[in-house]
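This report concerns only the one structure given below.
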Amino acid sequence: MAVFNRVESPRKAEDAVFDQTILAGDGWAHELQPGQVLRIVDLEGNQAADTLFYDADNPDDHYSAAATIVGQGNIYLTAGSVLRAESGKVLLKIVADTCGRHDTLGGACSAQSNTVRYAHEKLHMHNCRDTFMLQLANYEGAYTKRDLAPNINFFMNVPVTPDGGLEFADGVSAPGCYVELQSMCCTLALISNCPQLNNPCNAYNPTPIRVLIWNS
Amino acid sequence: MNLIWKTTMRPGGKWSGFVGRGKLLRFTALEAGANVSMLMYNARDLSERYNMPDTLKAQHTSHLTRGHVLMSDNGRAMASITEDSLGWHDAICGYSTREATDIKYGATRYQEQRNDWLRSGQENFAVELVRCGLGRKDLVPNVNLFSKVYCDEDGCMHFCEDHCKAGSTVTLRTEMDILLVLSNTPNPLDPRNAYPAVPVLLEVLPAAGVESSDYCVNYRPENRRAFENTWEYYALMGV
Ligand SMILES: [Zn+2]
């Protein structure tokens with residue numbers, strides 16, 4: 001798979017059937033029908049869109065970071081990547097991408113992981129896993145904490161080195177960069193627009209993202 | 001040290017069980033080329049489990065070795081790696097699936113091969129999770145002991161075929177009461193076309209108390225805070 005495989009989309013915003021801005025720190029959940037295309041736009045650049053997917057017909061089957069990266073033999077996502085569930089089922093395919101590379105290993109921030117990574121006093125800060133759980137609470141018990149699995153961080157750059165290191169870097173995304181995913185089945189998309197204020201990747205300034213959906 | 005218990009996992013074998021904190025889990029590859037897929041849950045609250053991203057990003061690593069701590073999704077140290085003769089265990093490749101096993105090694109069935117049919121990590125984990133009151137939704141990225149997979153500058157993943165020698169060992173110390181789930185099945189990226197037939201010895205021994213000078217506690221400030229979260233959890237429960 002080519003690296004920084006930037007592919008532009010032919011879709012026009014005025015043809016979208018759904019168009020919404022997700023403010024910094026907010027969450028969003030939406031069911032995609034088979035064939036529908038979801039675009040996530042990094043409006044101001046270097047924002048992290050923490051995203052999880054579920055097979056909506058079988059909610060026990062969530063996105064799998066390992067099945068996805070092993071399936072393509074590469075840890076980064078870009079145009080052409082196939083997103084898989086734990087069962088191996090193909091949930092979505094990335095059909096356009098002007099950022100060129102997205103993180104599969106960094107996961108979502110949480111109150112508890114903030115105490116580990118930064119300081120015990122960070123427990124009170126708003127975080128992505130709280131956002132995920134607040135969104136899942138709207139599904140009347142269909143989803144619980146057990147359904148949370150390591151997610152995708154769209155627009156995040158988490159380079160891994162050949163000697164086994166891992167770092168959080170910036171500079172891959174830019175204002176207006178977007179990624180487009182076509183759903184191969186009925187999927188639930190769950191997004192936390194990351195409120196992280198401890199990591200310099202976003203210059204300590206979380207910014208809005210925009211989501212658009214086309215029927216094909 | 002006094003051995004508490006041991007078992008030898010046969011190729012394709014699986015095991016799950018509850019292990020109290022303060023134990024050493026010593027794994028030994030009895031032949032070259034072993035891979036043991038491992039999952040870990042809090043024995044007292046099975047919704048808390050080993051979390052790959054939280055573990056890797058807190059320690060700025062994409063692989064696991066001595067000094068590293070396996071962290072839960074609640075910010076706690078579940079187990080730490082106290083000894084390691086290999087220097088690298090895979091944290092990102094996940095478990096083998098039935099589909100990939102059939103494609104790579106040829107389809108096998110109980111009806112022809114009896115107990116020599118080739119098991120997959122996916123099925124082994126599913127059985128043990130259901131046995132313990134969990135299910136497929138509880139599957140998450142696991143640790144693959146004895147395997148080395150590195151990523152080049154472009155992110156392409158490379159499996160090292162001669163990494164694990166016969167007699168290689170890795171020892172984990174339990175920092176919490178855990179449910180341990182194991183599957184002795186191939187790494188998904190192992191390119192060899194023969195199903196690895198490597199038995200692995202698991203010995204459980206008592207661990208000495210964790211001193212403030214402990215190597216894993218002091219490996220990084222993040223590790224100490226994860227240990228502190230674990231100690232606080234047990235202090236609050238009074239156990
Ligand atoms: Zn976040």
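Scheme for the structure tokens: letters A, B, ... for chains in order shown; per-chain residue numbers from 1; ligand numbers from 1 in order shown.
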For chain B, work out the contacting residues on chain A at 7 Å, counting only C-alpha atoms, and write them as number ranges by chain.
A: 3, 60-61, 66-67, 70, 73-76, 105-107, 112-113, 116-117, 145-147, 149-150, 160-162, 164-167
Distance query stretch 105-113 of chain B at most 10 Å, only C-alpha atoms, self and fewer than 4 positions along chain excluded, as a ChimeraX atom specification:
/B:98-101,117-119,192-195
Just to be explicit: take each residue in the selection above, keep N, CA, C and O atoms, and write the result as an mmCIF file, in the first residue's frame.
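Writing done, so here's selection-v2.cif:
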```cif
data_model
loop_
_atom_site.group_PDB
_atom_site.id
_atom_site.type_symbol
_atom_site.label_atom_id
_atom_site.label_comp_id
_atom_site.auth_asym_id
_atom_site.auth_seq_id
_atom_site.Cartn_x
_atom_site.Cartn_y
_atom_site.Cartn_z
ATOM 1 N N ARG B 98 -10.280 -18.419 11.866
ATOM 2 C CA ARG B 98 -10.588 -19.671 11.175
ATOM 3 C C ARG B 98 -10.344 -19.522 9.678
ATOM 4 O O ARG B 98 -9.709 -20.376 9.042
ATOM 5 N N GLU B 99 -10.814 -18.418 9.125
ATOM 6 C CA GLU B 99 -10.680 -18.207 7.675
ATOM 7 C C GLU B 99 -9.206 -18.186 7.267
ATOM 8 O O GLU B 99 -8.795 -18.883 6.330
ATOM 9 N N ALA B 100 -8.377 -17.414 7.986
ATOM 10 C CA ALA B 100 -6.965 -17.299 7.622
ATOM 11 C C ALA B 100 -6.229 -18.612 7.849
ATOM 12 O O ALA B 100 -5.324 -18.972 7.088
ATOM 13 N N THR B 101 -6.617 -19.350 8.895
ATOM 14 C CA THR B 101 -5.980 -20.643 9.178
ATOM 15 C C THR B 101 -6.254 -21.625 8.040
ATOM 16 O O THR B 101 -5.355 -22.330 7.576
ATOM 17 N N TRP B 117 -6.954 -31.567 14.027
ATOM 18 C CA TRP B 117 -7.414 -30.430 13.219
ATOM 19 C C TRP B 117 -6.826 -29.144 13.794
ATOM 20 O O TRP B 117 -6.529 -29.053 14.975
ATOM 21 N N LEU B 118 -6.608 -28.175 12.924
ATOM 22 C CA LEU B 118 -5.854 -26.970 13.299
ATOM 23 C C LEU B 118 -6.774 -25.933 13.941
ATOM 24 O O LEU B 118 -7.743 -25.489 13.327
ATOM 25 N N ARG B 119 -6.443 -25.559 15.161
ATOM 26 C CA ARG B 119 -7.274 -24.593 15.902
ATOM 27 C C ARG B 119 -6.887 -23.168 15.515
ATOM 28 O O ARG B 119 -5.765 -22.912 15.085
ATOM 29 N N ARG B 192 5.315 -18.610 7.552
ATOM 30 C CA ARG B 192 5.650 -20.015 7.298
ATOM 31 C C ARG B 192 4.393 -20.808 6.944
ATOM 32 O O ARG B 192 3.339 -20.595 7.549
ATOM 33 N N ASN B 193 4.526 -21.734 6.002
ATOM 34 C CA ASN B 193 3.312 -22.425 5.557
ATOM 35 C C ASN B 193 3.064 -23.733 6.301
ATOM 36 O O ASN B 193 2.131 -24.455 5.982
ATOM 37 N N ALA B 194 3.901 -24.021 7.321
ATOM 38 C CA ALA B 194 3.593 -25.148 8.202
ATOM 39 C C ALA B 194 3.054 -24.594 9.516
ATOM 40 O O ALA B 194 3.617 -23.658 10.081
ATOM 41 N N TYR B 195 1.954 -25.165 9.997
ATOM 42 C CA TYR B 195 1.346 -24.714 11.253
ATOM 43 C C TYR B 195 2.346 -24.904 12.388
ATOM 44 O O TYR B 195 2.847 -26.009 12.581
#
```
Between atom CA of A:Arg39 and atom CA of A:Asn114, what distance in Å does the model show, to one decimal?
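Pair atom CA of A:Arg39 / atom CA of A:Asn114 returns 29.1 Å.
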Where does DSSP see strand (DSSP E) in stretch 57-181 of chain A, if you list the residues as an mmCIF file with N, CA, C and O atoms, in the first residue's frame?
```
data_model
loop_
_atom_site.group_PDB
_atom_site.id
_atom_site.type_symbol
_atom_site.label_atom_id
_atom_site.label_comp_id
_atom_site.auth_asym_id
_atom_site.auth_seq_id
_atom_site.Cartn_x
_atom_site.Cartn_y
_atom_site.Cartn_z
ATOM 1 N N VAL A 82 -9.272 -1.205 4.050
ATOM 2 C CA VAL A 82 -10.516 -1.914 4.344
ATOM 3 C C VAL A 82 -10.632 -2.028 5.858
ATOM 4 O O VAL A 82 -9.731 -2.557 6.506
ATOM 5 N N LEU A 83 -11.703 -1.501 6.418
ATOM 6 C CA LEU A 83 -11.887 -1.527 7.869
ATOM 7 C C LEU A 83 -12.689 -2.764 8.250
ATOM 8 O O LEU A 83 -13.790 -2.972 7.742
ATOM 9 N N ARG A 84 -12.117 -3.586 9.133
ATOM 10 C CA ARG A 84 -12.713 -4.873 9.490
ATOM 11 C C ARG A 84 -13.187 -4.898 10.938
ATOM 12 O O ARG A 84 -12.650 -4.207 11.788
ATOM 13 N N VAL A 90 -15.949 -7.196 6.605
ATOM 14 C CA VAL A 90 -15.622 -5.877 6.076
ATOM 15 C C VAL A 90 -16.757 -4.918 6.419
ATOM 16 O O VAL A 90 -17.902 -5.127 6.014
ATOM 17 N N LEU A 91 -16.441 -3.874 7.184
ATOM 18 C CA LEU A 91 -17.457 -2.894 7.572
ATOM 19 C C LEU A 91 -17.487 -1.720 6.596
ATOM 20 O O LEU A 91 -18.546 -1.305 6.147
ATOM 21 N N LEU A 92 -16.313 -1.149 6.298
ATOM 22 C CA LEU A 92 -16.236 0.024 5.418
ATOM 23 C C LEU A 92 -14.925 -0.008 4.639
ATOM 24 O O LEU A 92 -13.983 -0.700 5.008
ATOM 25 N N LYS A 93 -14.902 0.802 3.562
ATOM 26 C CA LYS A 93 -13.669 1.006 2.807
ATOM 27 C C LYS A 93 -13.409 2.501 2.687
ATOM 28 O O LYS A 93 -14.347 3.285 2.520
ATOM 29 N N ILE A 94 -12.130 2.894 2.786
ATOM 30 C CA ILE A 94 -11.787 4.304 2.608
ATOM 31 C C ILE A 94 -11.684 4.574 1.109
ATOM 32 O O ILE A 94 -10.849 3.969 0.420
ATOM 33 N N VAL A 95 -12.560 5.448 0.607
ATOM 34 C CA VAL A 95 -12.641 5.670 -0.841
ATOM 35 C C VAL A 95 -11.992 6.992 -1.256
ATOM 36 O O VAL A 95 -11.739 7.207 -2.448
ATOM 37 N N ALA A 96 -11.771 7.893 -0.323
ATOM 38 C CA ALA A 96 -11.056 9.134 -0.640
ATOM 39 C C ALA A 96 -10.370 9.616 0.626
ATOM 40 O O ALA A 96 -10.822 9.318 1.744
ATOM 41 N N ASP A 97 -9.266 10.348 0.449
ATOM 42 C CA ASP A 97 -8.485 10.766 1.614
ATOM 43 C C ASP A 97 -7.501 11.849 1.168
ATOM 44 O O ASP A 97 -6.588 11.575 0.404
ATOM 45 N N ILE A 152 -10.161 4.117 15.739
ATOM 46 C CA ILE A 152 -9.348 4.843 14.752
ATOM 47 C C ILE A 152 -9.237 6.295 15.198
ATOM 48 O O ILE A 152 -10.205 6.876 15.690
ATOM 49 N N ASN A 153 -8.069 6.896 15.002
ATOM 50 C CA ASN A 153 -7.931 8.342 15.181
ATOM 51 C C ASN A 153 -7.709 8.967 13.804
ATOM 52 O O ASN A 153 -6.566 9.028 13.332
ATOM 53 N N PHE A 154 -8.784 9.406 13.187
ATOM 54 C CA PHE A 154 -8.610 10.077 11.905
ATOM 55 C C PHE A 154 -7.868 11.403 12.116
ATOM 56 O O PHE A 154 -8.106 12.111 13.098
ATOM 57 N N CYS A 177 -8.645 19.134 5.207
ATOM 58 C CA CYS A 177 -8.363 17.736 4.852
ATOM 59 C C CYS A 177 -9.565 16.870 5.235
ATOM 60 O O CYS A 177 -10.219 17.111 6.245
ATOM 61 N N TYR A 178 -9.820 15.844 4.415
ATOM 62 C CA TYR A 178 -10.963 14.981 4.723
ATOM 63 C C TYR A 178 -10.642 13.535 4.391
ATOM 64 O O TYR A 178 -9.687 13.231 3.668
ATOM 65 N N VAL A 179 -11.464 12.660 4.966
ATOM 66 C CA VAL A 179 -11.411 11.229 4.664
ATOM 67 C C VAL A 179 -12.841 10.783 4.361
ATOM 68 O O VAL A 179 -13.781 11.290 4.962
ATOM 69 N N GLU A 180 -12.983 9.888 3.383
ATOM 70 C CA GLU A 180 -14.317 9.399 3.000
ATOM 71 C C GLU A 180 -14.367 7.893 3.096
ATOM 72 O O GLU A 180 -13.482 7.198 2.586
ATOM 73 N N LEU A 181 -15.440 7.395 3.738
ATOM 74 C CA LEU A 181 -15.589 5.957 3.953
ATOM 75 C C LEU A 181 -16.918 5.489 3.390
ATOM 76 O O LEU A 181 -17.951 6.090 3.676
#
```
Give as a ChimeraX atom specification the residues surrounding ligand 1 up to a distance of 7 Å, considering only C-alpha atoms and all ligand atoms.
/A:50,108-110,127-128,194-196
Counting only C-alpha atoms, the residue of B:Ser80, B:Thr185, B:Asn144, B:Ser120 that sits nearest B:Asn218:
B:Ser80
Counting only C-alpha atoms, what is within 7 Å of stretch 39-41 of chain B, bar same-chain residues fewer than 6 positions away, as a ChimeraX atom specification?
/B:48-50,142-143,178-182
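Atom CA of B:Asn187 is found 7.2 Å from atom CA of B:Ser147.
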Atomic distance atom CA of A:Thr207 - atom CA of A:Gln47, expressed in Å with one decimal:
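Between atom CA of A:Thr207 and atom CA of A:Gln47 the gap is 6.2 Å.
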Within 12 Å of A:Leu23, counting only C-alpha atoms, which residues show up once you throw out same-chain ones fewer than 5 positions away? Write them as a VMD selection string, please.
chain A and resid 28 41 to 44 47 49 191 to 195 206 to 211
Using the selection just defined, write its residues with all heavy atoms as a short mmCIF file (atom, residue, chain, number, x, y, z; two decimals), in the first residue's frame.
```
data_model
loop_
_atom_site.label_atom_id
_atom_site.label_comp_id
_atom_site.auth_asym_id
_atom_site.auth_seq_id
_atom_site.Cartn_x
_atom_site.Cartn_y
_atom_site.Cartn_z
N TRP A 28 -20.95 12.15 18.40
CA TRP A 28 -21.91 11.97 17.32
C TRP A 28 -22.04 10.49 17.04
O TRP A 28 -21.02 9.77 16.99
CB TRP A 28 -21.42 12.71 16.07
CG TRP A 28 -22.29 12.62 14.86
CD1 TRP A 28 -23.44 13.33 14.63
CD2 TRP A 28 -22.07 11.84 13.68
NE1 TRP A 28 -23.95 13.03 13.39
CE2 TRP A 28 -23.13 12.11 12.78
CE3 TRP A 28 -21.08 10.92 13.29
CZ2 TRP A 28 -23.23 11.50 11.53
CZ3 TRP A 28 -21.17 10.31 12.04
CH2 TRP A 28 -22.24 10.60 11.18
N VAL A 41 -14.45 15.86 7.86
CA VAL A 41 -13.59 16.97 7.44
C VAL A 41 -12.91 17.57 8.67
O VAL A 41 -13.56 17.92 9.66
CB VAL A 41 -14.40 18.07 6.72
CG1 VAL A 41 -13.47 19.13 6.14
CG2 VAL A 41 -15.29 17.48 5.64
N ASP A 42 -11.60 17.70 8.58
CA ASP A 42 -10.79 18.35 9.64
C ASP A 42 -10.80 19.86 9.33
O ASP A 42 -9.95 20.36 8.61
CB ASP A 42 -9.37 17.76 9.58
CG ASP A 42 -8.48 18.26 10.71
OD1 ASP A 42 -8.98 18.98 11.59
OD2 ASP A 42 -7.28 17.92 10.68
N LEU A 43 -11.78 20.57 9.91
CA LEU A 43 -12.04 21.94 9.44
C LEU A 43 -10.86 22.89 9.65
O LEU A 43 -10.56 23.73 8.80
CB LEU A 43 -13.29 22.51 10.14
CG LEU A 43 -14.62 21.89 9.70
CD1 LEU A 43 -15.76 22.41 10.57
CD2 LEU A 43 -14.91 22.16 8.23
N GLU A 44 -10.19 22.77 10.80
CA GLU A 44 -9.10 23.73 11.08
C GLU A 44 -7.72 23.08 11.13
O GLU A 44 -6.73 23.78 11.33
CB GLU A 44 -9.41 24.47 12.40
CG GLU A 44 -10.70 25.29 12.29
CD GLU A 44 -11.01 26.10 13.55
OE1 GLU A 44 -10.06 26.47 14.27
OE2 GLU A 44 -12.20 26.34 13.81
N GLN A 47 -6.80 18.19 14.15
CA GLN A 47 -7.77 17.73 15.13
C GLN A 47 -7.83 16.21 15.05
O GLN A 47 -7.56 15.64 13.99
CB GLN A 47 -9.14 18.36 14.85
CG GLN A 47 -10.25 17.93 15.77
CD GLN A 47 -9.98 18.24 17.25
OE1 GLN A 47 -9.00 18.90 17.58
NE2 GLN A 47 -10.82 17.74 18.12
N ALA A 49 -10.21 12.97 15.17
CA ALA A 49 -11.58 12.46 15.15
C ALA A 49 -11.52 11.00 15.58
O ALA A 49 -11.21 10.12 14.77
CB ALA A 49 -12.19 12.62 13.78
N ILE A 191 -18.45 8.82 16.83
CA ILE A 191 -17.31 9.74 16.77
C ILE A 191 -17.23 10.55 18.07
O ILE A 191 -18.25 11.04 18.57
CB ILE A 191 -17.43 10.72 15.58
CG1 ILE A 191 -17.37 9.95 14.26
CG2 ILE A 191 -16.33 11.79 15.62
CD1 ILE A 191 -17.50 10.85 13.02
N SER A 192 -16.02 10.69 18.58
CA SER A 192 -15.73 11.66 19.63
C SER A 192 -14.76 12.67 19.04
O SER A 192 -13.64 12.31 18.66
CB SER A 192 -15.11 10.98 20.86
OG SER A 192 -14.55 11.98 21.69
N ASN A 193 -15.19 13.91 18.94
CA ASN A 193 -14.27 14.95 18.46
C ASN A 193 -13.41 15.36 19.65
O ASN A 193 -13.85 16.10 20.53
CB ASN A 193 -15.06 16.13 17.89
CG ASN A 193 -14.15 17.11 17.18
OD1 ASN A 193 -13.00 16.77 16.84
ND2 ASN A 193 -14.63 18.31 16.96
N CYS A 194 -12.18 14.88 19.65
CA CYS A 194 -11.34 14.80 20.86
C CYS A 194 -11.18 16.14 21.60
O CYS A 194 -10.78 17.14 21.01
CB CYS A 194 -9.98 14.26 20.47
SG CYS A 194 -8.91 13.97 21.89
N PRO A 195 -11.47 16.13 22.92
CA PRO A 195 -11.29 17.34 23.74
C PRO A 195 -9.93 17.41 24.45
O PRO A 195 -9.79 18.17 25.41
CB PRO A 195 -12.41 17.18 24.77
CG PRO A 195 -12.45 15.70 25.01
CD PRO A 195 -12.08 15.04 23.69
N PRO A 206 -8.58 22.14 20.76
CA PRO A 206 -9.50 21.30 19.98
C PRO A 206 -10.39 22.16 19.09
O PRO A 206 -10.85 23.24 19.50
CB PRO A 206 -10.32 20.57 21.06
CG PRO A 206 -9.46 20.62 22.29
CD PRO A 206 -8.74 21.95 22.20
N THR A 207 -10.65 21.68 17.87
CA THR A 207 -11.41 22.46 16.88
C THR A 207 -12.52 21.61 16.28
O THR A 207 -12.51 20.39 16.40
CB THR A 207 -10.46 22.95 15.77
OG1 THR A 207 -9.69 21.84 15.29
CG2 THR A 207 -9.50 24.02 16.31
N PRO A 208 -13.50 22.22 15.62
CA PRO A 208 -14.64 21.45 15.10
C PRO A 208 -14.27 20.58 13.90
O PRO A 208 -13.29 20.85 13.19
CB PRO A 208 -15.65 22.53 14.68
CG PRO A 208 -14.94 23.83 14.74
CD PRO A 208 -13.64 23.66 15.43
N ILE A 209 -15.08 19.55 13.69
CA ILE A 209 -15.01 18.77 12.45
C ILE A 209 -16.40 18.81 11.80
O ILE A 209 -17.37 19.26 12.42
CB ILE A 209 -14.59 17.30 12.71
CG1 ILE A 209 -15.55 16.61 13.68
CG2 ILE A 209 -13.16 17.24 13.25
CD1 ILE A 209 -15.30 15.12 13.83
N ARG A 210 -16.47 18.36 10.56
CA ARG A 210 -17.74 18.37 9.83
C ARG A 210 -17.96 16.98 9.26
O ARG A 210 -17.01 16.35 8.79
CB ARG A 210 -17.67 19.40 8.71
CG ARG A 210 -18.91 19.56 7.85
CD ARG A 210 -18.60 20.56 6.75
NE ARG A 210 -19.72 20.75 5.82
CZ ARG A 210 -19.62 21.38 4.66
NH1 ARG A 210 -18.45 21.89 4.27
NH2 ARG A 210 -20.67 21.50 3.87
N VAL A 211 -19.21 16.48 9.36
CA VAL A 211 -19.52 15.18 8.76
C VAL A 211 -20.59 15.37 7.69
O VAL A 211 -21.58 16.09 7.89
CB VAL A 211 -20.01 14.17 9.83
CG1 VAL A 211 -18.85 13.68 10.67
CG2 VAL A 211 -21.09 14.76 10.71
#
```
Residue contacts of A:Arg6 (9 Å, only C-alpha atoms) excluding same-chain residues fewer than 6 positions away, as a list in words
Thr78, Ala79, Ala96, Asp97, Thr98, Cys99, Gly100 and Arg101 of chain A
Compile the contact shell of stretch 204-217 of chain B as JSON, numbers by chain: residues with an atom at most 8 Å away, counting only C-alpha atoms, same-chain residues fewer than 5 positions apart removed.
{"B": [1, 2, 3, 4, 5, 6, 22, 23, 24, 25, 26, 66, 67, 68, 69, 80, 81, 82, 173, 223, 224, 227]}
